[in-house]
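A.B. asks: Sharing a structure below in structure tokens format, with a few things to ask.
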Amino acid sequence: MYRIILFFSFILCTALSAQSQLEELGRFGETGAAPGQFKDPVAIDLTANGQLYICDRGNQRIQVFDLNGNFLMNFGGFGWQNETFDNPVDIWARSTINIYVADYNNQRVQRFDKDFHYLSSKYSNPGAQEKFQ
């Protein structure tokens, strides 16, 4: 079963010892393909406005939730075209301007604006863009 568990970590370090406190904030999600369900969540990022972006690798999409675990939206799907993914493995959404998704099997990082409109891609292999278009 795939489930997202949010934690708050407080770490206190001193010269003699280190203490760490971990507090569970909540759980949400279940296995499946419906909106709000997960097939293989692999990465998570928290935006400045308090939204959680989760790479759902098994469903080839990005899902967006509020901090209470309420489903807001998703985007993506399997494919090679812009705005689709083949094994999304990481996301960076902390910018108030752009969202970046590492699309592993398509050998690229896709860039979206804050409203999830496609902007550009950067390919790891210079000839890959022509091959996938």
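Going by the structure tokens order, chains are called A, B, ..., each with residues numbered from 1, while ligands are numbered from 1 in the order shown.
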Taking 5 positions as the minimum chain separation for residues in the same chain, which residues sit within 12 Å of Ala34 in chain A when counting only C-alpha atoms? Answer as a list in words.
C.D. replies: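 The contact residues come out as Gly29, Lys39, Asp56, Gly58, Asn59, Arg61, Gln63, Phe71, Met73 and Asn74 of chain A.
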A.B. asks: How would the residues just chosen look if you wrote them out with C-alpha atoms as a PDB file, in the first residue's frame?
C.D. replies:
ATOM      1  CA  GLY A  29      -3.627   8.320   0.121  1.00  0.00           C
ATOM      2  CA  LYS A  39       0.941   3.656  -7.648  1.00  0.00           C
ATOM      3  CA  ASP A  56       3.447   9.412  -8.740  1.00  0.00           C
ATOM      4  CA  GLY A  58       3.543   4.355 -11.346  1.00  0.00           C
ATOM      5  CA  ASN A  59       0.719   6.528 -12.675  1.00  0.00           C
ATOM      6  CA  ARG A  61       1.795  11.981 -13.188  1.00  0.00           C
ATOM      7  CA  GLN A  63      -0.401  15.077  -7.994  1.00  0.00           C
ATOM      8  CA  PHE A  71      -6.500  16.282  -3.462  1.00  0.00           C
ATOM      9  CA  MET A  73      -5.348  18.323  -9.047  1.00  0.00           C
ATOM     10  CA  ASN A  74      -2.959  16.236 -11.125  1.00  0.00           C
TER      11      ASN A  74
END
A.B. asks: Looking at A:Gln37, A:Thr84, A:Asn125, A:Gln51, which one is nearest to Phe112 in chain A, with distances taken over only C-alpha atoms?
C.D. replies: A:Thr84
A.B. asks: Would you pick out the contacts of range 98-105 of chain A at 6 Å or less, using only C-alpha atoms, so that residues sharing its chain but fewer than 3 positions from it are not included, and give the list as a list in words?
C.D. replies: Phe85, Asp86, Asn87, Pro88, Val89, Asp90, Ile91, Trp92, Ala93, Ser95, Arg108, Val109, Gln110, Arg111, Phe112, Asp113 and Lys114 of chain A
A.B. asks: Rounded to one decimal in Å, what is the spacing between CA of His117 in chain A and CA of Asn49 in chain A?
C.D. replies: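 CA of Asn49 in chain A lies at a distance of 18.2 Å from CA of His117 in chain A.
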